[in-house]
>>> print(open('model_16.csv').read())   # CSV, C-alpha atoms and all ligand atoms
chain,number,residue,atom,x,y,z
Q,1,MET,CA,-6.7,-10.7,24.5
Q,2,LYS,CA,-8.9,-8.3,22.5
Q,3,LYS,CA,-8.6,-8.4,18.7
Q,4,ILE,CA,-8.1,-5.0,17.1
Q,5,THR,CA,-7.7,-3.4,13.7
Q,6,ILE,CA,-4.4,-1.7,13.0
Q,7,ALA,CA,-4.4,0.9,10.1
Q,8,ILE,CA,-1.1,2.0,8.8
Q,9,ASP,CA,-1.1,4.9,6.3
Q,10,GLY,CA,1.6,7.1,5.0
Q,11,PHE,CA,3.7,8.2,2.0
Q,12,SER,CA,5.4,5.8,-0.4
Q,13,SER,CA,8.5,3.8,0.9
Q,14,THR,CA,8.1,4.8,4.5
Q,15,GLY,CA,8.6,1.2,5.5
Q,16,LYS,CA,4.8,0.7,6.2
Q,17,SER,CA,4.8,-2.9,4.8
Q,18,THR,CA,7.9,-4.0,6.7
Q,19,LEU,CA,6.5,-2.8,10.0
Q,20,ALA,CA,3.0,-4.1,9.2
Q,21,LYS,CA,4.3,-7.6,8.3
Q,22,GLU,CA,6.4,-7.8,11.5
Q,23,LEU,CA,3.4,-6.7,13.6
Q,24,ALA,CA,1.1,-9.2,12.0
Q,25,ALA,CA,3.6,-12.0,12.4
Q,26,THR,CA,4.1,-11.2,16.1
Q,27,LEU,CA,0.4,-10.8,16.9
Q,28,GLY,CA,-0.8,-13.7,14.7
Q,29,TYR,CA,-2.8,-11.2,12.7
Q,30,VAL,CA,-3.6,-11.1,9.0
Q,31,TYR,CA,-1.5,-8.6,7.0
Q,32,VAL,CA,-3.0,-6.9,3.9
Q,33,ASP,CA,-0.9,-4.7,1.6
Q,34,THR,CA,-3.5,-2.6,-0.2
Q,35,GLY,CA,-0.9,-1.0,-2.4
Q,36,ALA,CA,-0.4,-4.4,-4.0
Q,37,MET,CA,-4.1,-4.3,-4.9
Q,38,TYR,CA,-3.8,-0.9,-6.7
Q,39,ARG,CA,-0.6,-2.2,-8.3
Q,40,ALA,CA,-2.3,-5.3,-9.6
Q,41,VAL,CA,-5.2,-3.3,-11.2
Q,42,THR,CA,-2.5,-1.1,-12.8
Q,43,TYR,CA,-0.7,-4.1,-14.1
Q,44,PHE,CA,-4.0,-5.4,-15.6
Q,45,ALA,CA,-4.6,-2.0,-17.2
Q,46,MET,CA,-1.0,-1.9,-18.6
Q,47,GLN,CA,-1.4,-5.5,-20.0
Q,48,ASN,CA,-4.6,-4.4,-21.8
Q,49,GLU,CA,-3.1,-1.1,-23.0
Q,50,TYR,CA,-5.6,1.0,-21.0
Q,51,VAL,CA,-2.8,3.0,-19.5
Q,52,SER,CA,0.8,4.1,-20.4
Q,53,GLU,CA,2.8,7.0,-19.3
Q,54,ASP,CA,0.9,9.6,-21.4
Q,55,PHE,CA,-2.4,7.7,-21.9
Q,56,LEU,CA,-5.3,6.5,-19.9
Q,57,ASN,CA,-8.5,4.9,-21.2
Q,58,LYS,CA,-10.5,5.2,-18.0
Q,59,GLU,CA,-13.8,4.0,-19.5
Q,60,ALA,CA,-12.3,0.8,-20.9
Q,61,LEU,CA,-10.7,-0.1,-17.5
Q,62,ILE,CA,-13.9,0.7,-15.6
Q,63,SER,CA,-15.9,-1.6,-18.0
Q,64,GLN,CA,-13.4,-4.4,-17.4
Q,65,LEU,CA,-13.3,-4.1,-13.6
Q,66,PRO,CA,-15.7,-7.0,-13.0
Q,67,ASN,CA,-13.1,-9.2,-14.8
Q,68,VAL,CA,-10.4,-8.2,-12.3
Q,69,LYS,CA,-10.2,-10.9,-9.6
Q,70,LEU,CA,-7.7,-10.1,-6.9
Q,71,GLN,CA,-6.7,-12.6,-4.3
Q,72,PHE,CA,-4.0,-12.9,-1.6
Q,73,GLN,CA,-2.4,-16.3,-1.1
Q,74,PHE,CA,-0.2,-17.0,1.9
Q,75,ASN,CA,3.3,-18.2,1.0
Q,76,SER,CA,4.7,-20.0,4.0
Q,77,ASN,CA,8.3,-19.9,2.7
Q,78,LEU,CA,8.1,-16.1,2.5
Q,79,GLY,CA,5.9,-15.7,5.6
Q,80,PHE,CA,3.5,-13.3,3.9
Q,81,ALA,CA,0.7,-13.4,1.3
Q,82,GLU,CA,1.4,-12.8,-2.3
Q,83,MET,CA,-0.8,-11.0,-4.8
Q,84,TYR,CA,-2.7,-13.0,-7.5
Q,85,LEU,CA,-4.5,-11.4,-10.4
Q,86,ASN,CA,-7.0,-13.7,-12.2
Q,87,GLY,CA,-5.2,-16.7,-10.8
Q,88,GLU,CA,-1.7,-15.5,-11.8
Q,89,ASN,CA,1.0,-14.7,-9.2
Q,90,VAL,CA,1.9,-11.1,-10.0
Q,91,GLU,CA,4.0,-10.4,-6.9
Q,92,GLN,CA,7.1,-9.6,-9.0
Q,93,PRO,CA,5.7,-7.6,-11.9
Q,94,ILE,CA,3.6,-5.3,-9.8
Q,95,ARG,CA,6.8,-4.1,-8.0
Q,96,THR,CA,8.5,-2.6,-11.1
Q,97,ILE,CA,9.2,1.1,-11.6
Q,98,GLU,CA,6.9,0.9,-14.7
Q,99,VAL,CA,3.9,0.0,-12.5
Q,100,SER,CA,5.0,2.6,-9.9
Q,101,ARG,CA,4.9,5.2,-12.7
Q,102,ASN,CA,1.2,4.5,-13.6
Q,103,VAL,CA,-0.3,3.3,-10.3
Q,104,SER,CA,-1.3,6.7,-8.8
Q,105,LYS,CA,-3.3,7.6,-12.0
Q,106,ILE,CA,-5.2,4.3,-11.6
Q,107,ALA,CA,-5.7,4.9,-7.9
Q,108,GLU,CA,-7.4,8.2,-8.6
Q,109,ILE,CA,-10.4,6.4,-10.3
Q,110,SER,CA,-13.3,6.3,-7.9
Q,111,GLU,CA,-14.7,3.0,-9.4
Q,112,VAL,CA,-11.4,1.3,-8.8
Q,113,ARG,CA,-11.3,2.6,-5.2
Q,114,THR,CA,-14.9,1.5,-4.5
Q,115,LYS,CA,-14.2,-2.0,-5.6
Q,116,LEU,CA,-10.9,-2.4,-3.7
Q,117,VAL,CA,-12.3,-0.7,-0.5
Q,118,GLU,CA,-15.2,-3.2,-0.4
Q,119,GLN,CA,-12.8,-6.1,-0.7
Q,120,GLN,CA,-10.6,-4.6,2.0
Q,121,GLN,CA,-13.5,-4.1,4.4
Q,122,ALA,CA,-14.6,-7.7,3.9
Q,123,MET,CA,-11.1,-8.9,4.7
Q,124,GLY,CA,-11.1,-7.0,8.0
Q,125,LYS,CA,-14.6,-7.7,9.2
Q,126,ASP,CA,-13.3,-10.1,12.0
Q,127,LYS,CA,-10.6,-7.7,13.1
Q,128,ALA,CA,-7.1,-9.1,14.0
Q,129,ILE,CA,-5.8,-7.4,10.9
Q,130,VAL,CA,-2.9,-5.0,10.0
Q,131,MET,CA,-3.6,-3.2,6.8
Q,132,ASP,CA,-1.4,-0.6,5.2
Q,133,GLY,CA,-2.1,1.9,2.5
Q,134,ARG,CA,-3.1,5.5,2.0
Q,135,ASP,CA,-6.8,5.6,3.1
Q,136,ILE,CA,-7.0,2.8,5.7
Q,137,GLY,CA,-7.6,5.1,8.8
Q,138,THR,CA,-9.7,7.6,6.9
Q,139,VAL,CA,-11.9,5.5,4.6
Q,140,VAL,CA,-11.5,1.7,4.9
Q,141,PHE,CA,-11.5,1.4,8.7
Q,142,PRO,CA,-12.2,4.9,10.2
Q,143,ASP,CA,-13.0,3.1,13.5
Q,144,ALA,CA,-9.7,1.2,13.7
Q,145,GLU,CA,-8.5,1.0,17.3
Q,146,LEU,CA,-5.0,2.0,16.3
Q,147,LYS,CA,-4.1,4.3,13.4
Q,148,ILE,CA,-0.5,5.0,12.5
Q,149,PHE,CA,0.6,7.7,10.0
Q,150,MET,CA,4.2,7.2,8.7
Q,151,ASN,CA,6.4,9.8,7.1
Q,152,ALA,CA,10.1,10.4,6.2
Q,153,SER,CA,11.9,12.8,3.9
Q,154,ALA,CA,11.4,12.1,0.2
Q,155,GLU,CA,15.2,11.6,-0.2
Q,156,THR,CA,15.3,9.0,2.6
Q,157,ARG,CA,12.3,7.2,1.0
Q,158,ALA,CA,13.8,7.3,-2.5
Q,159,GLN,CA,17.1,5.9,-1.2
Q,160,ARG,CA,15.3,3.0,0.4
Q,161,ARG,CA,13.2,2.2,-2.7
Q,162,PHE,CA,16.3,2.6,-4.9
Q,163,ASP,CA,18.2,0.1,-2.8
Q,164,GLU,CA,15.3,-2.4,-2.9
Q,165,LEU,CA,14.9,-2.1,-6.7
Q,166,ILE,CA,18.7,-2.6,-7.3
Q,167,GLU,CA,18.7,-5.6,-5.0
Q,168,LYS,CA,15.9,-7.1,-7.2
Q,169,GLY,CA,18.1,-6.5,-10.2
Q,170,GLN,CA,16.1,-3.7,-11.8
Q,171,LYS,CA,17.8,-1.0,-13.8
Q,172,VAL,CA,16.9,2.4,-12.3
Q,173,THR,CA,18.7,5.5,-11.2
Q,174,TYR,CA,18.3,7.2,-7.8
Q,175,ASP,CA,17.0,10.3,-9.6
Q,176,GLU,CA,14.3,8.4,-11.4
Q,177,VAL,CA,13.1,6.8,-8.1
Q,178,LEU,CA,13.2,10.2,-6.4
Q,179,GLU,CA,11.1,11.7,-9.2
Q,180,ASN,CA,8.6,8.9,-9.0
Q,181,VAL,CA,8.3,9.2,-5.2
Q,182,GLN,CA,7.7,12.9,-5.4
Q,183,GLN,CA,5.2,12.5,-8.3
Q,184,ARG,CA,3.2,9.9,-6.4
Q,185,ASP,CA,3.3,12.0,-3.2
Q,186,TYR,CA,1.7,14.8,-5.2
Q,187,ILE,CA,-1.0,12.8,-6.9
Q,188,ASP,CA,-1.8,10.8,-3.7
Q,189,THR,CA,-2.2,13.9,-1.6
Q,190,HIS,CA,-4.1,16.0,-4.2
Q,191,ARG,CA,-6.6,13.5,-5.6
Q,192,GLU,CA,-10.3,14.2,-5.1
Q,193,ASP,CA,-11.3,10.7,-3.9
Q,194,SER,CA,-9.7,9.6,-0.6
Q,195,PRO,CA,-6.5,11.7,-0.7
Q,196,LEU,CA,-3.7,10.8,1.5
Q,197,VAL,CA,-4.1,12.7,4.8
Q,198,LYS,CA,-3.4,11.9,8.4
Q,199,ALA,CA,-6.6,10.3,9.8
Q,200,GLU,CA,-8.2,11.7,12.9
Q,201,GLY,CA,-6.6,10.2,15.9
Q,202,ALA,CA,-3.7,8.8,14.0
Q,203,ILE,CA,-0.3,8.7,15.6
Q,204,GLU,CA,2.4,10.1,13.4
Q,205,ILE,CA,5.8,8.5,13.2
Q,206,ASN,CA,8.6,10.2,11.2
Q,207,ASN,CA,11.1,7.4,10.8
Q,208,SER,CA,13.9,9.3,8.9
Q,209,ALA,CA,16.1,8.7,12.0
Q,210,LEU,CA,14.4,5.6,13.5
Q,211,SER,CA,15.7,2.0,13.1
Q,212,LYS,CA,13.2,-0.7,12.2
Q,213,ARG,CA,13.6,-2.1,15.8
Q,214,GLU,CA,12.8,1.3,17.3
Q,215,GLN,CA,9.6,1.7,15.2
Q,216,PHE,CA,8.5,-1.8,16.0
Q,217,ASP,CA,9.0,-1.3,19.7
Q,218,LEU,CA,7.2,2.0,19.6
Q,219,VAL,CA,4.1,0.6,17.9
Q,220,MET,CA,4.1,-2.6,20.0
Q,221,ASN,CA,3.9,-0.4,23.1
Q,222,LEU,CA,0.9,1.5,21.6
Q,223,ILE,CA,-0.8,-1.9,20.8
Q,224,GLN,CA,-0.3,-3.1,24.4
Q,225,GLU,CA,-2.5,-0.1,25.5
Q,226,LYS,CA,-5.3,-1.2,23.2
Q,227,VAL,CA,-5.6,-5.0,23.6
X,301,LIG,O1,2.0,1.2,-1.0
X,301,LIG,P1,2.5,1.3,-2.4
X,301,LIG,O2,3.6,2.3,-2.6
X,301,LIG,O3,2.7,0.0,-3.0
X,301,LIG,O4,1.2,1.9,-3.2
X,301,LIG,C1,1.2,2.1,-4.6
X,301,LIG,C2,0.2,3.2,-4.9
X,301,LIG,O5,-1.1,2.8,-4.8
X,301,LIG,C3,0.3,4.5,-4.1
X,301,LIG,O6,1.2,5.4,-4.6
X,301,LIG,C4,-1.2,5.1,-4.2
X,301,LIG,O7,-1.3,5.8,-5.4
X,301,LIG,C5,-2.0,3.8,-4.4
X,301,LIG,N1,-2.7,3.4,-3.1
X,301,LIG,C6,-3.8,4.1,-2.8
X,301,LIG,N2,-4.5,3.7,-1.7
X,301,LIG,C7,-4.1,2.6,-0.9
X,301,LIG,C8,-2.9,2.0,-1.2
X,301,LIG,C9,-2.2,2.4,-2.3
X,301,LIG,O8,-4.3,5.0,-3.5
X,301,LIG,N3,-4.8,2.3,0.2
>>> encode(input="model_16.csv", output="C-alpha cells")
Amino acid sequence: MKKITIAIDGFSSTGKSTLAKELAATLGYVYVDTGAMYRAVTYFAMQNEYVSEDFLNKEALISQLPNVKLQFQFNSNLGFAEMYLNGENVEQPIRTIEVSRNVSKIAEISEVRTKLVEQQQAMGKDKAIVMDGRDIGTVVFPDAELKIFMNASAETRAQRRFDELIEKGQKVTYDEVLENVQQRDYIDTHREDSPLVKAEGAIEINNSALSKREQFDLVMNLIQEKV
C-alpha cells in the first residue's frame, strides 16, 4: 500500500486531533499535533516572562529560540506522543486556558513559525504521517495527497473545549472558553504569516452535526482512494 501524507487543518476545537490520532492508529502512521508545538513555545515564553495577556517581548523570545528544544515522545499507555520541552514533559501545562490565551500571539511570529515548520517537514519526510494544525496543507505539506479542512460553529467548538477542560479539573466558564475560541479564530485567520485558510484541493468537513464515527468513516473512504 502506498504511503501518503495527510494534512488536517481547521479552526480550534473542531476535533482535528481526535480524528488524526484515530487515523494514525488505524493506518500505523505517525501522528503530529503541531498545535502542541506552538503551545510549548508559548509555555516557554510564559515561564520566561516574555509574554502575558497584555505584554509581549518578541525580541527576547526570538533570541532564545535556539534554546527551545521540542520533542515528541510516544507514550504507549496513552497511545500517542507527548510533548517535551527541553527534556520536560509539558503535555499537561500546555493545555491550560492560560496558554490558550497567549498562543495565537506567539504563533504570529515568523521566526517561531520558520523553526517549527522546518521541524514538521523533517518529521514528515518519509510520509506515512497525519499532521494537524492551521497551515499544514498550505505551508508545511502543500503537496500532501489528502488535505482536510475541518470546521464547526464557534458555539459547538467552545462547548467541546469547555467539557474537556472541566473534565481535566480546570476552573473555567463556558463564556471564557467561547471568547478564547473566537479570539483565536480572529488572530489565526488574520495574521500575515501563514493565516488559517482552506488549502487548495482541501476537502471541507463541517462536523457540527457529525459523530466521531461518521467523520472517521468519511475520511477513511477518502484515504482508500489515495493509497
Ligand atoms: O491546535 P491547537 O488549538 O492546540 O493550536 C493552538 C494554537 O496554535 C492555534 O490557535 C494557532 O494560533 C497556533 N497554531 C498555528 N499553526 C499550527 C498549529 C497551531 O498557528 N500549525
>>> residues_near_ligand(input="model_16.csv", ligand="ligand LIG 301 (chain X)", cutoff="7 Å", atoms="all atoms listed in the file", output="PyMOL selection string")
chain Q and resi 12-13+34-36+38-39+100+103-104+107-108+132-136+184+188
>>> residues_around(input="model_16.csv", residues="Ile223 in chain Q", least_positions_apart="6", cutoff="9 Å", atoms="only C-alpha atoms", output="PyMOL selection string")
chain Q and resi 4+6+145-146
>>> atom_distance(input="model_16.csv", atom1="CA of Ile62 in chain Q", atom2="CA of Met46 in chain Q")
13.5 Å
>>> residues_around(input="model_16.csv", residues="Asp185 in chain Q", least_positions_apart="6", cutoff="12 Å", atoms="all atoms listed in the file", output="number ranges by chain")
Q: 10-14, 100-101, 103-105, 134, 151-154, 157-158, 178-179, 191, 195-197
>>> closest_residue(input="model_16.csv", among="Q:Glu225, Q:Glu200, Q:Asp54, Q:Asp126", to="Val30 in chain Q", atoms="only C-alpha atoms")
Q:Asp126
>>> closest_residue(input="model_16.csv", among="Q:Tyr174, Q:Tyr186, Q:Phe216, Q:Phe80", to="Ile97 in chain Q", atoms="all atoms listed in the file")
Q:Tyr174
>>> residues_around(input="model_16.csv", residues="range 69-74 of chain Q", least_positions_apart="3", cutoff="7 Å", atoms="all atoms listed in the file", output="PyMOL selection string")
chain Q and resi 80-86
>>> closest_residue(input="model_16.csv", among="Q:Val32, Q:Val181, Q:Leu65, Q:Ala24", to="Thr156 in chain Q", atoms="only C-alpha atoms")
Q:Val181
>>> atom_distance(input="model_16.csv", atom1="CA of Ile148 in chain Q", atom2="CA of Ala7 in chain Q")
6.1 Å
>>> closest_residue(input="model_16.csv", among="Q:Met150, Q:Val51, Q:Val139, Q:Val68", to="Thr18 in chain Q", atoms="all atoms listed in the file")
Q:Met150
>>> atom_distance(input="model_16.csv", atom1="CA of Phe44 in chain Q", atom2="CA of Glu192 in chain Q")
23.1 Å
>>> closest_residue(input="model_16.csv", among="Q:Ile8, Q:Pro66, Q:Asn102, Q:Tyr29", to="Ala45 in chain Q", atoms="all atoms listed in the file")
Q:Asn102
>>> residues_near_point(input="model_16.csv", point="(-4.3, 11.4, 8.8)", cutoff="8 Å", atoms="only C-alpha atoms", output="number ranges by chain")
Q: 9, 137-138, 149, 196-202
>>> closest_residue(input="model_16.csv", among="Q:Ile106, Q:Ala128, Q:Met37, Q:Leu218", to="Tyr50 in chain Q", atoms="only C-alpha atoms")
Q:Ile106
>>> axis_aligned_box(input="model_16.csv", around="range 7-23 of chain Q", padding_each_side="8 Å", output="JSON")
{"center_x": 2.1, "center_y": 0.2, "center_z": 6.6, "size_x": 29.0, "size_y": 32.0, "size_z": 30.0}
>>> decode(input="model_16.csv", residues="range 71-141 of chain Q", atoms="C-alpha atoms", output="PDB file, in the first residue's frame")
ATOM      1  CA  GLN Q  71      10.474  16.647  21.044  1.00  0.00           C
ATOM      2  CA  PHE Q  72       7.588  14.202  20.798  1.00  0.00           C
ATOM      3  CA  GLN Q  73       7.897  11.004  22.807  1.00  0.00           C
ATOM      4  CA  PHE Q  74       5.464   8.143  22.280  1.00  0.00           C
ATOM      5  CA  ASN Q  75       3.595   7.068  25.410  1.00  0.00           C
ATOM      6  CA  SER Q  76       2.400   3.501  24.834  1.00  0.00           C
ATOM      7  CA  ASN Q  77      -0.109   3.694  27.715  1.00  0.00           C
ATOM      8  CA  LEU Q  78      -1.827   6.671  26.133  1.00  0.00           C
ATOM      9  CA  GLY Q  79      -1.291   5.501  22.560  1.00  0.00           C
ATOM     10  CA  PHE Q  80       0.063   8.842  21.344  1.00  0.00           C
ATOM     11  CA  ALA Q  81       3.167  11.017  21.568  1.00  0.00           C
ATOM     12  CA  GLU Q  82       3.528  13.589  24.330  1.00  0.00           C
ATOM     13  CA  MET Q  83       5.186  16.980  24.021  1.00  0.00           C
ATOM     14  CA  TYR Q  84       8.549  17.569  25.679  1.00  0.00           C
ATOM     15  CA  LEU Q  85      10.141  20.996  26.100  1.00  0.00           C
ATOM     16  CA  ASN Q  86      13.871  20.923  26.885  1.00  0.00           C
ATOM     17  CA  GLY Q  87      13.506  17.404  28.248  1.00  0.00           C
ATOM     18  CA  GLU Q  88      10.439  18.125  30.408  1.00  0.00           C
ATOM     19  CA  ASN Q  89       7.052  16.565  29.727  1.00  0.00           C
ATOM     20  CA  VAL Q  90       4.767  19.593  29.211  1.00  0.00           C
ATOM     21  CA  GLU Q  91       1.726  17.752  27.910  1.00  0.00           C
ATOM     22  CA  GLN Q  92      -0.466  18.941  30.833  1.00  0.00           C
ATOM     23  CA  PRO Q  93       0.593  22.601  31.281  1.00  0.00           C
ATOM     24  CA  ILE Q  94       0.409  23.413  27.560  1.00  0.00           C
ATOM     25  CA  ARG Q  95      -3.324  22.572  27.525  1.00  0.00           C
ATOM     26  CA  THR Q  96      -4.404  25.211  30.077  1.00  0.00           C
ATOM     27  CA  ILE Q  97      -6.627  28.178  29.218  1.00  0.00           C
ATOM     28  CA  GLU Q  98      -3.709  30.500  30.152  1.00  0.00           C
ATOM     29  CA  VAL Q  99      -1.579  29.027  27.379  1.00  0.00           C
ATOM     30  CA  SER Q 100      -4.583  29.139  25.013  1.00  0.00           C
ATOM     31  CA  ARG Q 101      -4.918  32.869  25.728  1.00  0.00           C
ATOM     32  CA  ASN Q 102      -1.337  33.608  24.619  1.00  0.00           C
ATOM     33  CA  VAL Q 103      -0.656  31.019  21.928  1.00  0.00           C
ATOM     34  CA  SER Q 104      -2.048  32.853  18.890  1.00  0.00           C
ATOM     35  CA  LYS Q 105       0.177  35.880  19.640  1.00  0.00           C
ATOM     36  CA  ILE Q 106       3.230  33.621  19.671  1.00  0.00           C
ATOM     37  CA  ALA Q 107       2.089  31.794  16.524  1.00  0.00           C
ATOM     38  CA  GLU Q 108       2.053  35.124  14.653  1.00  0.00           C
ATOM     39  CA  ILE Q 109       5.848  35.458  14.971  1.00  0.00           C
ATOM     40  CA  SER Q 110       7.501  34.445  11.673  1.00  0.00           C
ATOM     41  CA  GLU Q 111      10.738  33.289  13.341  1.00  0.00           C
ATOM     42  CA  VAL Q 112       8.735  30.885  15.514  1.00  0.00           C
ATOM     43  CA  ARG Q 113       6.840  29.575  12.501  1.00  0.00           C
ATOM     44  CA  THR Q 114      10.005  29.061  10.448  1.00  0.00           C
ATOM     45  CA  LYS Q 115      11.609  26.999  13.203  1.00  0.00           C
ATOM     46  CA  LEU Q 116       8.540  24.816  13.777  1.00  0.00           C
ATOM     47  CA  VAL Q 117       7.729  24.334  10.091  1.00  0.00           C
ATOM     48  CA  GLU Q 118      11.285  23.080   9.454  1.00  0.00           C
ATOM     49  CA  GLN Q 119      10.938  20.538  12.247  1.00  0.00           C
ATOM     50  CA  GLN Q 120       7.499  19.459  10.981  1.00  0.00           C
ATOM     51  CA  GLN Q 121       8.750  18.987   7.414  1.00  0.00           C
ATOM     52  CA  ALA Q 122      11.638  16.860   8.697  1.00  0.00           C
ATOM     53  CA  MET Q 123       9.194  14.656  10.653  1.00  0.00           C
ATOM     54  CA  GLY Q 124       7.132  14.083   7.501  1.00  0.00           C
ATOM     55  CA  LYS Q 125       9.919  13.483   5.016  1.00  0.00           C
ATOM     56  CA  ASP Q 126       9.166   9.741   4.762  1.00  0.00           C
ATOM     57  CA  LYS Q 127       5.380  10.251   4.508  1.00  0.00           C
ATOM     58  CA  ALA Q 128       3.076   7.848   6.443  1.00  0.00           C
ATOM     59  CA  ILE Q 129       2.145  10.810   8.626  1.00  0.00           C
ATOM     60  CA  VAL Q 130      -1.032  12.515   9.826  1.00  0.00           C
ATOM     61  CA  MET Q 131      -0.354  16.095  10.872  1.00  0.00           C
ATOM     62  CA  ASP Q 132      -2.881  18.553  12.219  1.00  0.00           C
ATOM     63  CA  GLY Q 133      -2.699  22.316  12.590  1.00  0.00           C
ATOM     64  CA  ARG Q 134      -3.561  25.521  10.745  1.00  0.00           C
ATOM     65  CA  ASP Q 135      -1.054  25.653   7.879  1.00  0.00           C
ATOM     66  CA  ILE Q 136      -0.284  22.017   7.130  1.00  0.00           C
ATOM     67  CA  GLY Q 137      -1.990  21.853   3.728  1.00  0.00           C
ATOM     68  CA  THR Q 138      -0.954  25.397   2.753  1.00  0.00           C
ATOM     69  CA  VAL Q 139       2.649  25.712   4.012  1.00  0.00           C
ATOM     70  CA  VAL Q 140       4.083  22.588   5.661  1.00  0.00           C
ATOM     71  CA  PHE Q 141       2.946  19.981   3.115  1.00  0.00           C
TER      72      PHE Q 141
END
